[in-house]
>>> print(open('final_16.pdb').read())   # PDB, C-alpha atoms, pLDDT in the B column
ATOM      1  CA  MET A   1      13.152   6.190  23.832  1.00 57.00           C
ATOM      2  CA  PRO A   2      15.007   5.670  20.552  1.00 68.00           C
ATOM      3  CA  ASN A   3      14.458   8.180  17.764  1.00 74.00           C
ATOM      4  CA  PHE A   4      14.430   6.049  14.590  1.00 72.00           C
ATOM      5  CA  ASN A   5      14.621   7.666  11.165  1.00 79.00           C
ATOM      6  CA  GLN A   6      12.186   6.656   8.400  1.00 77.00           C
ATOM      7  CA  SER A   7      14.524   4.148   6.737  1.00 77.00           C
ATOM      8  CA  THR A   8      15.023   2.338  10.073  1.00 72.00           C
ATOM      9  CA  ARG A   9      11.247   2.255  10.680  1.00 68.00           C
ATOM     10  CA  ASN A  10      10.712   0.854   7.162  1.00 70.00           C
ATOM     11  CA  MET A  11      13.380  -1.823   7.694  1.00 71.00           C
ATOM     12  CA  LEU A  12      11.863  -2.919  11.032  1.00 66.00           C
ATOM     13  CA  ALA A  13       8.369  -3.088   9.523  1.00 67.00           C
ATOM     14  CA  SER A  14       9.708  -5.165   6.614  1.00 71.00           C
ATOM     15  CA  ILE A  15      11.329  -7.616   9.022  1.00 78.00           C
ATOM     16  CA  ALA A  16       8.157  -7.952  11.092  1.00 80.00           C
ATOM     17  CA  LEU A  17       5.439  -7.774   8.420  1.00 91.00           C
ATOM     18  CA  GLY A  18       7.030  -8.146   4.979  1.00 96.00           C
ATOM     19  CA  ILE A  19       6.828  -5.957   1.906  1.00 96.00           C
ATOM     20  CA  ARG A  20       4.505  -2.937   2.080  1.00 96.00           C
ATOM     21  CA  VAL A  21       2.254  -1.801  -0.773  1.00 98.00           C
ATOM     22  CA  ASP A  22       0.218   1.413  -0.477  1.00 97.00           C
ATOM     23  CA  ARG A  23      -2.929   2.322  -2.376  1.00 97.00           C
ATOM     24  CA  ALA A  24      -3.995   5.955  -2.635  1.00 93.00           C
ATOM     25  CA  THR A  25      -7.187   7.129  -0.972  1.00 92.00           C
ATOM     26  CA  ASP A  26     -10.325   6.494  -3.004  1.00 89.00           C
ATOM     27  CA  ASN A  27     -14.109   6.687  -2.706  1.00 87.00           C
ATOM     28  CA  ILE A  28     -14.992   3.016  -3.116  1.00 81.00           C
ATOM     29  CA  THR A  29     -18.671   3.592  -3.826  1.00 77.00           C
ATOM     30  CA  THR A  30     -19.652   0.340  -5.511  1.00 80.00           C
ATOM     31  CA  GLY A  31     -16.694  -1.950  -4.855  1.00 84.00           C
ATOM     32  CA  GLU A  32     -13.447  -2.340  -6.763  1.00 92.00           C
ATOM     33  CA  SER A  33     -10.094  -4.084  -6.831  1.00 96.00           C
ATOM     34  CA  LEU A  34      -7.653  -2.759  -4.223  1.00 97.00           C
ATOM     35  CA  PHE A  35      -4.575  -4.904  -4.925  1.00 98.00           C
ATOM     36  CA  THR A  36      -3.361  -7.287  -7.618  1.00 98.00           C
ATOM     37  CA  VAL A  37      -1.463 -10.468  -6.703  1.00 98.00           C
ATOM     38  CA  ALA A  38       0.738 -11.749  -9.544  1.00 98.00           C
ATOM     39  CA  GLY A  39       3.390 -14.380 -10.222  1.00 98.00           C
ATOM     40  CA  GLY A  40       2.449 -16.809  -7.443  1.00 98.00           C
ATOM     41  CA  ASN A  41       0.921 -17.141  -3.997  1.00 98.00           C
ATOM     42  CA  VAL A  42       1.655 -14.598  -1.252  1.00 98.00           C
ATOM     43  CA  LEU A  43       1.121 -14.543   2.496  1.00 97.00           C
ATOM     44  CA  MET A  44      -0.821 -11.400   3.436  1.00 97.00           C
ATOM     45  CA  THR A  45       0.443 -10.562   6.918  1.00 97.00           C
ATOM     46  CA  TYR A  46      -1.511  -7.337   7.452  1.00 97.00           C
ATOM     47  CA  ILE A  47      -3.966  -5.073   5.652  1.00 97.00           C
ATOM     48  CA  LEU A  48      -4.929  -1.641   6.979  1.00 97.00           C
ATOM     49  CA  GLY A  49      -7.507   0.857   5.758  1.00 96.00           C
ATOM     50  CA  GLU A  50      -7.801   4.436   7.027  1.00 95.00           C
ATOM     51  CA  VAL A  51     -10.772   6.735   6.452  1.00 95.00           C
ATOM     52  CA  THR A  52      -9.593   9.999   4.863  1.00 95.00           C
ATOM     53  CA  THR A  53     -13.071  11.484   4.167  1.00 93.00           C
ATOM     54  CA  ILE A  54     -15.985  10.738   6.531  1.00 94.00           C
ATOM     55  CA  ILE A  55     -18.236   7.869   5.397  1.00 92.00           C
ATOM     56  CA  GLU A  56     -21.843   8.814   4.638  1.00 92.00           C
ATOM     57  CA  THR A  57     -24.449   8.126   7.332  1.00 93.00           C
ATOM     58  CA  LYS A  58     -26.321   5.141   5.880  1.00 91.00           C
ATOM     59  CA  VAL A  59     -25.910   1.374   5.928  1.00 91.00           C
ATOM     60  CA  VAL A  60     -22.656   0.659   4.067  1.00 90.00           C
ATOM     61  CA  ASN A  61     -21.835  -3.056   4.394  1.00 93.00           C
ATOM     62  CA  PHE A  62     -18.191  -3.514   3.417  1.00 94.00           C
ATOM     63  CA  LYS A  63     -15.891  -6.541   3.206  1.00 96.00           C
ATOM     64  CA  LEU A  64     -12.720  -7.725   1.494  1.00 97.00           C
ATOM     65  CA  VAL A  65     -12.669 -10.610  -0.977  1.00 97.00           C
ATOM     66  CA  SER A  66      -9.856 -12.590  -2.610  1.00 97.00           C
ATOM     67  CA  THR A  67     -10.770 -13.107  -6.276  1.00 98.00           C
ATOM     68  CA  PRO A  68      -8.293 -15.568  -7.811  1.00 98.00           C
ATOM     69  CA  THR A  69      -7.481 -15.656 -11.515  1.00 98.00           C
ATOM     70  CA  VAL A  70      -8.395 -19.365 -11.415  1.00 96.00           C
ATOM     71  CA  GLY A  71     -11.009 -20.607  -8.965  1.00 96.00           C
ATOM     72  CA  THR A  72     -13.733 -19.155  -6.781  1.00 97.00           C
ATOM     73  CA  ALA A  73     -13.758 -15.835  -4.924  1.00 97.00           C
ATOM     74  CA  THR A  74     -13.358 -16.155  -1.143  1.00 96.00           C
ATOM     75  CA  ASP A  75     -14.370 -13.684   1.552  1.00 96.00           C
ATOM     76  CA  LEU A  76     -11.396 -12.504   3.615  1.00 97.00           C
ATOM     77  CA  CYS A  77     -13.784 -11.256   6.319  1.00 96.00           C
ATOM     78  CA  GLY A  78     -17.458 -10.725   7.040  1.00 96.00           C
ATOM     79  CA  ASN A  79     -19.352  -7.464   6.420  1.00 95.00           C
ATOM     80  CA  LEU A  80     -18.880  -4.393   8.581  1.00 95.00           C
ATOM     81  CA  ASP A  81     -21.281  -1.436   8.431  1.00 95.00           C
ATOM     82  CA  LEU A  82     -19.131   1.686   7.878  1.00 93.00           C
ATOM     83  CA  SER A  83     -22.003   4.166   8.412  1.00 93.00           C
ATOM     84  CA  ALA A  84     -20.741   7.592   9.557  1.00 93.00           C
ATOM     85  CA  ASP A  85     -17.195   6.377  10.290  1.00 94.00           C
ATOM     86  CA  GLU A  86     -15.038   9.388  11.071  1.00 94.00           C
ATOM     87  CA  VAL A  87     -11.766  10.490   9.489  1.00 95.00           C
ATOM     88  CA  GLY A  88      -9.000   8.437  11.087  1.00 95.00           C
ATOM     89  CA  SER A  89     -11.115   5.298  11.570  1.00 95.00           C
ATOM     90  CA  LEU A  90      -8.967   2.237  10.902  1.00 97.00           C
ATOM     91  CA  TYR A  91      -9.940  -1.125   9.385  1.00 96.00           C
ATOM     92  CA  THR A  92      -8.243  -4.511   9.218  1.00 96.00           C
ATOM     93  CA  ILE A  93      -9.183  -8.170   9.260  1.00 97.00           C
ATOM     94  CA  SER A  94      -8.545 -10.756  11.952  1.00 95.00           C
ATOM     95  CA  GLY A  95      -7.560 -13.377   9.393  1.00 92.00           C
ATOM     96  CA  ALA A  96     -10.418 -15.660  10.502  1.00 90.00           C
ATOM     97  CA  VAL A  97     -12.593 -15.768   7.380  1.00 81.00           C
ATOM     98  CA  ALA A  98     -16.053 -15.668   9.012  1.00 82.00           C
ATOM     99  CA  THR A  99     -15.174 -12.757  11.326  1.00 93.00           C
ATOM    100  CA  ALA A 100     -16.385  -9.258  10.406  1.00 94.00           C
ATOM    101  CA  MET A 101     -13.845  -6.660   9.348  1.00 95.00           C
ATOM    102  CA  GLN A 102     -12.326  -5.026  12.435  1.00 95.00           C
ATOM    103  CA  ARG A 103     -12.820  -1.287  13.090  1.00 95.00           C
ATOM    104  CA  GLY A 104     -11.097   1.208  15.343  1.00 92.00           C
ATOM    105  CA  GLU A 105     -12.857   4.581  15.449  1.00 83.00           C
ATOM    106  CA  SER A 106     -10.434   6.263  17.833  1.00 77.00           C
ATOM    107  CA  GLY A 107      -7.169   5.878  15.970  1.00 80.00           C
ATOM    108  CA  SER A 108      -6.345   2.262  16.836  1.00 89.00           C
ATOM    109  CA  VAL A 109      -7.442  -1.176  15.700  1.00 93.00           C
ATOM    110  CA  ILE A 110      -6.562  -4.726  16.651  1.00 90.00           C
ATOM    111  CA  GLY A 111      -3.732  -6.274  14.626  1.00 89.00           C
ATOM    112  CA  GLN A 112      -4.338  -9.032  12.094  1.00 91.00           C
ATOM    113  CA  LEU A 113      -4.140 -12.215  14.166  1.00 91.00           C
ATOM    114  CA  TYR A 114      -3.686 -14.725  11.335  1.00 94.00           C
ATOM    115  CA  PRO A 115      -1.809 -14.286   8.063  1.00 96.00           C
ATOM    116  CA  VAL A 116      -3.763 -15.325   4.967  1.00 96.00           C
ATOM    117  CA  ALA A 117      -2.377 -17.132   1.891  1.00 97.00           C
ATOM    118  CA  VAL A 118      -3.684 -15.439  -1.251  1.00 98.00           C
ATOM    119  CA  ALA A 119      -3.513 -16.823  -4.801  1.00 98.00           C
ATOM    120  CA  PRO A 120      -2.807 -14.718  -7.905  1.00 98.00           C
ATOM    121  CA  GLY A 121      -5.761 -12.490  -8.780  1.00 98.00           C
ATOM    122  CA  THR A 122      -7.161  -9.469  -6.963  1.00 98.00           C
ATOM    123  CA  ILE A 123      -8.046  -8.400  -3.441  1.00 98.00           C
ATOM    124  CA  ASP A 124     -11.328  -6.581  -3.776  1.00 97.00           C
ATOM    125  CA  ALA A 125     -13.563  -4.349  -1.676  1.00 95.00           C
ATOM    126  CA  THR A 126     -17.256  -5.147  -1.948  1.00 94.00           C
ATOM    127  CA  VAL A 127     -19.794  -2.556  -0.886  1.00 91.00           C
ATOM    128  CA  GLY A 128     -23.512  -3.086  -0.224  1.00 85.00           C
ATOM    129  CA  ALA A 129     -24.572   0.503  -1.033  1.00 81.00           C
ATOM    130  CA  THR A 130     -23.150   3.496  -2.851  1.00 82.00           C
ATOM    131  CA  HIS A 131     -21.903   6.145  -0.441  1.00 86.00           C
ATOM    132  CA  THR A 132     -19.611   9.119   0.005  1.00 89.00           C
ATOM    133  CA  GLY A 133     -16.327   8.909   1.882  1.00 91.00           C
ATOM    134  CA  SER A 134     -12.798   7.725   1.107  1.00 93.00           C
ATOM    135  CA  ILE A 135     -10.385   5.103   2.446  1.00 94.00           C
ATOM    136  CA  LYS A 136      -6.665   4.592   1.811  1.00 96.00           C
ATOM    137  CA  TRP A 137      -5.204   1.081   2.089  1.00 97.00           C
ATOM    138  CA  SER A 138      -1.830  -0.500   2.876  1.00 97.00           C
ATOM    139  CA  LEU A 139      -1.015  -4.206   2.611  1.00 98.00           C
ATOM    140  CA  TRP A 140       2.035  -6.128   3.859  1.00 97.00           C
ATOM    141  CA  TYR A 141       2.967  -9.510   2.405  1.00 97.00           C
ATOM    142  CA  LEU A 142       5.608 -12.192   2.018  1.00 97.00           C
ATOM    143  CA  PRO A 143       6.056 -13.905  -1.371  1.00 97.00           C
ATOM    144  CA  LEU A 144       5.532 -17.676  -1.095  1.00 97.00           C
ATOM    145  CA  GLU A 145       6.893 -18.406  -4.580  1.00 97.00           C
ATOM    146  CA  ASP A 146       9.650 -16.968  -6.754  1.00 97.00           C
ATOM    147  CA  GLY A 147       8.268 -13.994  -8.676  1.00 97.00           C
ATOM    148  CA  ALA A 148       5.170 -13.530  -6.501  1.00 98.00           C
ATOM    149  CA  SER A 149       4.266  -9.896  -5.841  1.00 98.00           C
ATOM    150  CA  VAL A 150       1.451  -7.509  -4.908  1.00 98.00           C
ATOM    151  CA  ALA A 151       0.734  -4.130  -6.521  1.00 98.00           C
ATOM    152  CA  ALA A 152      -1.923  -1.494  -5.945  1.00 98.00           C
ATOM    153  CA  ALA A 153      -4.792  -1.976  -8.403  1.00 95.00           C
TER     154      ALA A 153
END
>>> encode(input="final_16.pdb", output="structure tokens")
Amino acid sequence: MPNFNQSTRNMLASIALGIRVDRATDNITTGESLFTVAGGNVLMTYILGEVTTIIETKVVNFKLVSTPTVGTATDLCGNLDLSADEVGSLYTISGAVATAMQRGESGSVIGQLYPVAVAPGTIDATVGATHTGSIKWSLWYLPLEDGASVAAA
């Protein structure tokens, strides 16, 4: 089995998924912007959340939303109840808008099946109830226009 160094792993991920943007862990208690899309449309190829502090045991409906600078907000997935999710739980979306966020509680989660075109604006987390617990996020994307980029919010 090959033993790749970090720069080789980063290069291979960039070829397969695009540019990676990381957002530090945060307790998203009432919803907030996770990423900012600027300068043009991007193709979000993968988004991954990882629980870093256990989520409180209560109903915590959670979903991701694209909120464009111009136009109407669009759900990127349906709600998922995060109640009592353990450290290491992983979250992503399938890319099919009506499908609930995907969860893996044992250190793995299905990959994003469909890339999603996202307009300039923000990618937001919406939460149905305040709670304790923290999640860190990473997003991979390809710019669809000159000057398009994504940054952690």
>>> closest_residue(input="final_16.pdb", among="A:Ala24, A:Ile135, A:Ile55, A:Ala84", to="Ala153 of chain A", atoms="all atoms listed in the file")
A:Ala24
>>> resolve_selection(input="final_16.pdb", expression="the PyMOL selection byres ((chain A and resi 111) around 9)", output="CSV table (one decimal) with C-alpha atoms, in the coordinates of the input")
chain,number,residue,atom,x,y,z
A,46,TYR,CA,-1.5,-7.3,7.5
A,92,THR,CA,-8.2,-4.5,9.2
A,93,ILE,CA,-9.2,-8.2,9.3
A,94,SER,CA,-8.5,-10.8,12.0
A,102,GLN,CA,-12.3,-5.0,12.4
A,109,VAL,CA,-7.4,-1.2,15.7
A,110,ILE,CA,-6.6,-4.7,16.7
A,112,GLN,CA,-4.3,-9.0,12.1
A,113,LEU,CA,-4.1,-12.2,14.2
>>> residues_around(input="final_16.pdb", residues="Ser83 of chain A", least_positions_apart="5", cutoff="9 Å", atoms="all atoms listed in the file", output="PDB file with C-alpha atoms, keeping the file's coordinate frame")
ATOM      1  CA  ILE A  55     -18.236   7.869   5.397  1.00 92.00           C
ATOM      2  CA  GLU A  56     -21.843   8.814   4.638  1.00 92.00           C
ATOM      3  CA  THR A  57     -24.449   8.126   7.332  1.00 93.00           C
ATOM      4  CA  LYS A  58     -26.321   5.141   5.880  1.00 91.00           C
ATOM      5  CA  VAL A  59     -25.910   1.374   5.928  1.00 91.00           C
ATOM      6  CA  VAL A  60     -22.656   0.659   4.067  1.00 90.00           C
ATOM      7  CA  ASN A  61     -21.835  -3.056   4.394  1.00 93.00           C
TER       8      ASN A  61
END
>>> residues_near_point(input="final_16.pdb", point="(1.1, -11.6, -8.4)", cutoff="9 Å", atoms="all atoms listed in the file", output="list in words")
Thr36, Val37, Ala38, Gly39, Gly40, Asn41, Val42, Ala119, Pro120, Gly121, Thr122, Pro143, Gly147, Ala148, Ser149, Val150 and Ala151 of chain A
>>> resolve_selection(input="final_16.pdb", expression="the PyMOL selection byres ((chain A and resi 28-34) around 10)", output="VMD selection string")
chain A and resid 22 to 27 35 to 36 60 62 to 67 121 to 139 151 to 153
>>> write_last_selection(input="final_16.pdb", atoms="C-alpha atoms", output="PDB file, in the frame of the given file")
ATOM      1  CA  ASP A  22       0.218   1.413  -0.477  1.00 97.00           C
ATOM      2  CA  ARG A  23      -2.929   2.322  -2.376  1.00 97.00           C
ATOM      3  CA  ALA A  24      -3.995   5.955  -2.635  1.00 93.00           C
ATOM      4  CA  THR A  25      -7.187   7.129  -0.972  1.00 92.00           C
ATOM      5  CA  ASP A  26     -10.325   6.494  -3.004  1.00 89.00           C
ATOM      6  CA  ASN A  27     -14.109   6.687  -2.706  1.00 87.00           C
ATOM      7  CA  PHE A  35      -4.575  -4.904  -4.925  1.00 98.00           C
ATOM      8  CA  THR A  36      -3.361  -7.287  -7.618  1.00 98.00           C
ATOM      9  CA  VAL A  60     -22.656   0.659   4.067  1.00 90.00           C
ATOM     10  CA  PHE A  62     -18.191  -3.514   3.417  1.00 94.00           C
ATOM     11  CA  LYS A  63     -15.891  -6.541   3.206  1.00 96.00           C
ATOM     12  CA  LEU A  64     -12.720  -7.725   1.494  1.00 97.00           C
ATOM     13  CA  VAL A  65     -12.669 -10.610  -0.977  1.00 97.00           C
ATOM     14  CA  SER A  66      -9.856 -12.590  -2.610  1.00 97.00           C
ATOM     15  CA  THR A  67     -10.770 -13.107  -6.276  1.00 98.00           C
ATOM     16  CA  GLY A 121      -5.761 -12.490  -8.780  1.00 98.00           C
ATOM     17  CA  THR A 122      -7.161  -9.469  -6.963  1.00 98.00           C
ATOM     18  CA  ILE A 123      -8.046  -8.400  -3.441  1.00 98.00           C
ATOM     19  CA  ASP A 124     -11.328  -6.581  -3.776  1.00 97.00           C
ATOM     20  CA  ALA A 125     -13.563  -4.349  -1.676  1.00 95.00           C
ATOM     21  CA  THR A 126     -17.256  -5.147  -1.948  1.00 94.00           C
ATOM     22  CA  VAL A 127     -19.794  -2.556  -0.886  1.00 91.00           C
ATOM     23  CA  GLY A 128     -23.512  -3.086  -0.224  1.00 85.00           C
ATOM     24  CA  ALA A 129     -24.572   0.503  -1.033  1.00 81.00           C
ATOM     25  CA  THR A 130     -23.150   3.496  -2.851  1.00 82.00           C
ATOM     26  CA  HIS A 131     -21.903   6.145  -0.441  1.00 86.00           C
ATOM     27  CA  THR A 132     -19.611   9.119   0.005  1.00 89.00           C
ATOM     28  CA  GLY A 133     -16.327   8.909   1.882  1.00 91.00           C
ATOM     29  CA  SER A 134     -12.798   7.725   1.107  1.00 93.00           C
ATOM     30  CA  ILE A 135     -10.385   5.103   2.446  1.00 94.00           C
ATOM     31  CA  LYS A 136      -6.665   4.592   1.811  1.00 96.00           C
ATOM     32  CA  TRP A 137      -5.204   1.081   2.089  1.00 97.00           C
ATOM     33  CA  SER A 138      -1.830  -0.500   2.876  1.00 97.00           C
ATOM     34  CA  LEU A 139      -1.015  -4.206   2.611  1.00 98.00           C
ATOM     35  CA  ALA A 151       0.734  -4.130  -6.521  1.00 98.00           C
ATOM     36  CA  ALA A 152      -1.923  -1.494  -5.945  1.00 98.00           C
ATOM     37  CA  ALA A 153      -4.792  -1.976  -8.403  1.00 95.00           C
TER      38      ALA A 153
END
>>> closest_residue(input="final_16.pdb", among="A:Met101, A:Asp146, A:Ala96, A:Ile19", to="Asn79 of chain A", atoms="all atoms listed in the file")
A:Met101
>>> residues_near_point(input="final_16.pdb", point="(-6.6, 4.0, 9.4)", cutoff="7 Å", atoms="only C-alpha atoms", output="number ranges by chain")
A: 48-51, 88-91, 107
>>> write_last_selection(input="final_16.pdb", atoms="C-alpha atoms", output="PDB file, keeping the file's coordinate frame")
ATOM      1  CA  LEU A  48      -4.929  -1.641   6.979  1.00 97.00           C
ATOM      2  CA  GLY A  49      -7.507   0.857   5.758  1.00 96.00           C
ATOM      3  CA  GLU A  50      -7.801   4.436   7.027  1.00 95.00           C
ATOM      4  CA  VAL A  51     -10.772   6.735   6.452  1.00 95.00           C
ATOM      5  CA  GLY A  88      -9.000   8.437  11.087  1.00 95.00           C
ATOM      6  CA  SER A  89     -11.115   5.298  11.570  1.00 95.00           C
ATOM      7  CA  LEU A  90      -8.967   2.237  10.902  1.00 97.00           C
ATOM      8  CA  TYR A  91      -9.940  -1.125   9.385  1.00 96.00           C
ATOM      9  CA  GLY A 107      -7.169   5.878  15.970  1.00 80.00           C
TER      10      GLY A 107
END
>>> axis_aligned_box(input="final_16.pdb", around="segment 32-37 of chain A", padding_each_side="6 Å", output="lines of an AutoDock Vina configuration file")
center_x = -7.5
center_y = -6.4
center_z = -5.9
size_x = 24.0
size_y = 20.1
size_z = 15.4
>>> residues_around(input="final_16.pdb", residues="Val97 of chain A", least_positions_apart="4", cutoff="8 Å", atoms="only C-alpha atoms", output="count of residues only")
4
>>> closest_residue(input="final_16.pdb", among="A:Asn3, A:Thr45, A:Thr53, A:Thr69", to="Ala117 of chain A", atoms="all atoms listed in the file")
A:Thr45
>>> atom_distance(input="final_16.pdb", atom1="atom CA of Pro115 of chain A", atom2="atom CA of Ser7 of chain A")
24.7 Å
>>> atom_distance(input="final_16.pdb", atom1="atom CA of Val118 of chain A", atom2="atom CA of Gly18 of chain A")
14.4 Å
>>> atom_distance(input="final_16.pdb", atom1="atom CA of Asp85 of chain A", atom2="atom CA of Ala100 of chain A")
15.7 Å
>>> closest_residue(input="final_16.pdb", among="A:Val87, A:Ile47, A:Leu144, A:Leu80", to="Glu105 of chain A", atoms="only C-alpha atoms")
A:Val87
>>> residues_around(input="final_16.pdb", residues="Asn10 of chain A", least_positions_apart="5", cutoff="9 Å", atoms="only C-alpha atoms", output="ChimeraX atom specification")
/A:5,15,20
>>> decode(input="final_16.pdb", residues="segment 7-34 of chain A", atoms="N, CA and C atoms", output="short mmCIF file (atom, residue, chain, number, x, y, z; two decimals), in the first residue's frame")
data_model
loop_
_atom_site.label_atom_id
_atom_site.label_comp_id
_atom_site.auth_asym_id
_atom_site.auth_seq_id
_atom_site.Cartn_x
_atom_site.Cartn_y
_atom_site.Cartn_z
N SER A 7 1.01 16.45 1.20
CA SER A 7 0.85 17.25 -0.02
C SER A 7 0.32 16.39 -1.17
N THR A 8 0.70 15.13 -1.23
CA THR A 8 0.17 14.23 -2.27
C THR A 8 -1.30 13.96 -2.02
N ARG A 9 -1.68 13.72 -0.76
CA ARG A 9 -3.10 13.50 -0.43
C ARG A 9 -3.93 14.73 -0.79
N ASN A 10 -3.42 15.92 -0.49
CA ASN A 10 -4.14 17.16 -0.82
C ASN A 10 -4.30 17.31 -2.33
N MET A 11 -3.25 17.00 -3.10
CA MET A 11 -3.31 17.12 -4.55
C MET A 11 -4.35 16.15 -5.12
N LEU A 12 -4.36 14.90 -4.65
CA LEU A 12 -5.32 13.92 -5.14
C LEU A 12 -6.75 14.32 -4.80
N ALA A 13 -6.97 14.84 -3.60
CA ALA A 13 -8.31 15.31 -3.22
C ALA A 13 -8.74 16.48 -4.08
N SER A 14 -7.81 17.38 -4.41
CA SER A 14 -8.14 18.53 -5.26
C SER A 14 -8.52 18.08 -6.66
N ILE A 15 -7.83 17.08 -7.17
CA ILE A 15 -8.16 16.56 -8.51
C ILE A 15 -9.55 15.93 -8.49
N ALA A 16 -9.86 15.17 -7.46
CA ALA A 16 -11.12 14.45 -7.41
C ALA A 16 -12.30 15.32 -6.99
N LEU A 17 -12.10 16.23 -6.04
CA LEU A 17 -13.22 16.96 -5.45
C LEU A 17 -13.18 18.46 -5.68
N GLY A 18 -12.02 19.04 -5.94
CA GLY A 18 -11.91 20.48 -6.11
C GLY A 18 -11.19 21.12 -4.94
N ILE A 19 -11.45 22.38 -4.76
CA ILE A 19 -10.79 23.19 -3.74
C ILE A 19 -11.46 22.95 -2.39
N ARG A 20 -10.65 22.77 -1.34
CA ARG A 20 -11.18 22.50 0.00
C ARG A 20 -11.15 23.77 0.84
N VAL A 21 -12.26 23.98 1.58
CA VAL A 21 -12.36 25.08 2.54
C VAL A 21 -12.80 24.47 3.87
N ASP A 22 -12.07 24.76 4.94
CA ASP A 22 -12.41 24.25 6.26
C ASP A 22 -12.98 25.35 7.13
N ARG A 23 -13.92 24.96 7.97
CA ARG A 23 -14.51 25.88 8.95
C ARG A 23 -14.29 25.27 10.33
N ALA A 24 -13.80 26.05 11.24
CA ALA A 24 -13.49 25.57 12.60
C ALA A 24 -14.75 25.05 13.29
N THR A 25 -14.54 24.19 14.26
CA THR A 25 -15.66 23.64 15.03
C THR A 25 -16.41 24.76 15.74
N ASP A 26 -17.73 24.57 15.87
CA ASP A 26 -18.56 25.62 16.44
C ASP A 26 -19.84 24.99 16.98
N ASN A 27 -20.39 25.56 18.05
CA ASN A 27 -21.69 25.16 18.56
C ASN A 27 -22.74 25.98 17.82
N ILE A 28 -23.36 25.38 16.84
CA ILE A 28 -24.35 26.06 16.00
C ILE A 28 -25.70 25.90 16.69
N THR A 29 -25.96 26.74 17.68
CA THR A 29 -27.14 26.54 18.53
C THR A 29 -28.43 27.03 17.89
N THR A 30 -28.37 28.08 17.12
CA THR A 30 -29.61 28.64 16.56
C THR A 30 -29.53 28.81 15.05
N GLY A 31 -28.52 28.29 14.42
CA GLY A 31 -28.34 28.43 12.99
C GLY A 31 -27.41 29.59 12.69
N GLU A 32 -26.63 29.44 11.62
CA GLU A 32 -25.70 30.49 11.22
C GLU A 32 -25.13 30.17 9.85
N SER A 33 -24.44 31.14 9.27
CA SER A 33 -23.77 30.94 8.00
C SER A 33 -22.51 30.11 8.22
N LEU A 34 -22.31 29.10 7.38
CA LEU A 34 -21.12 28.26 7.45
C LEU A 34 -20.06 28.71 6.44
#
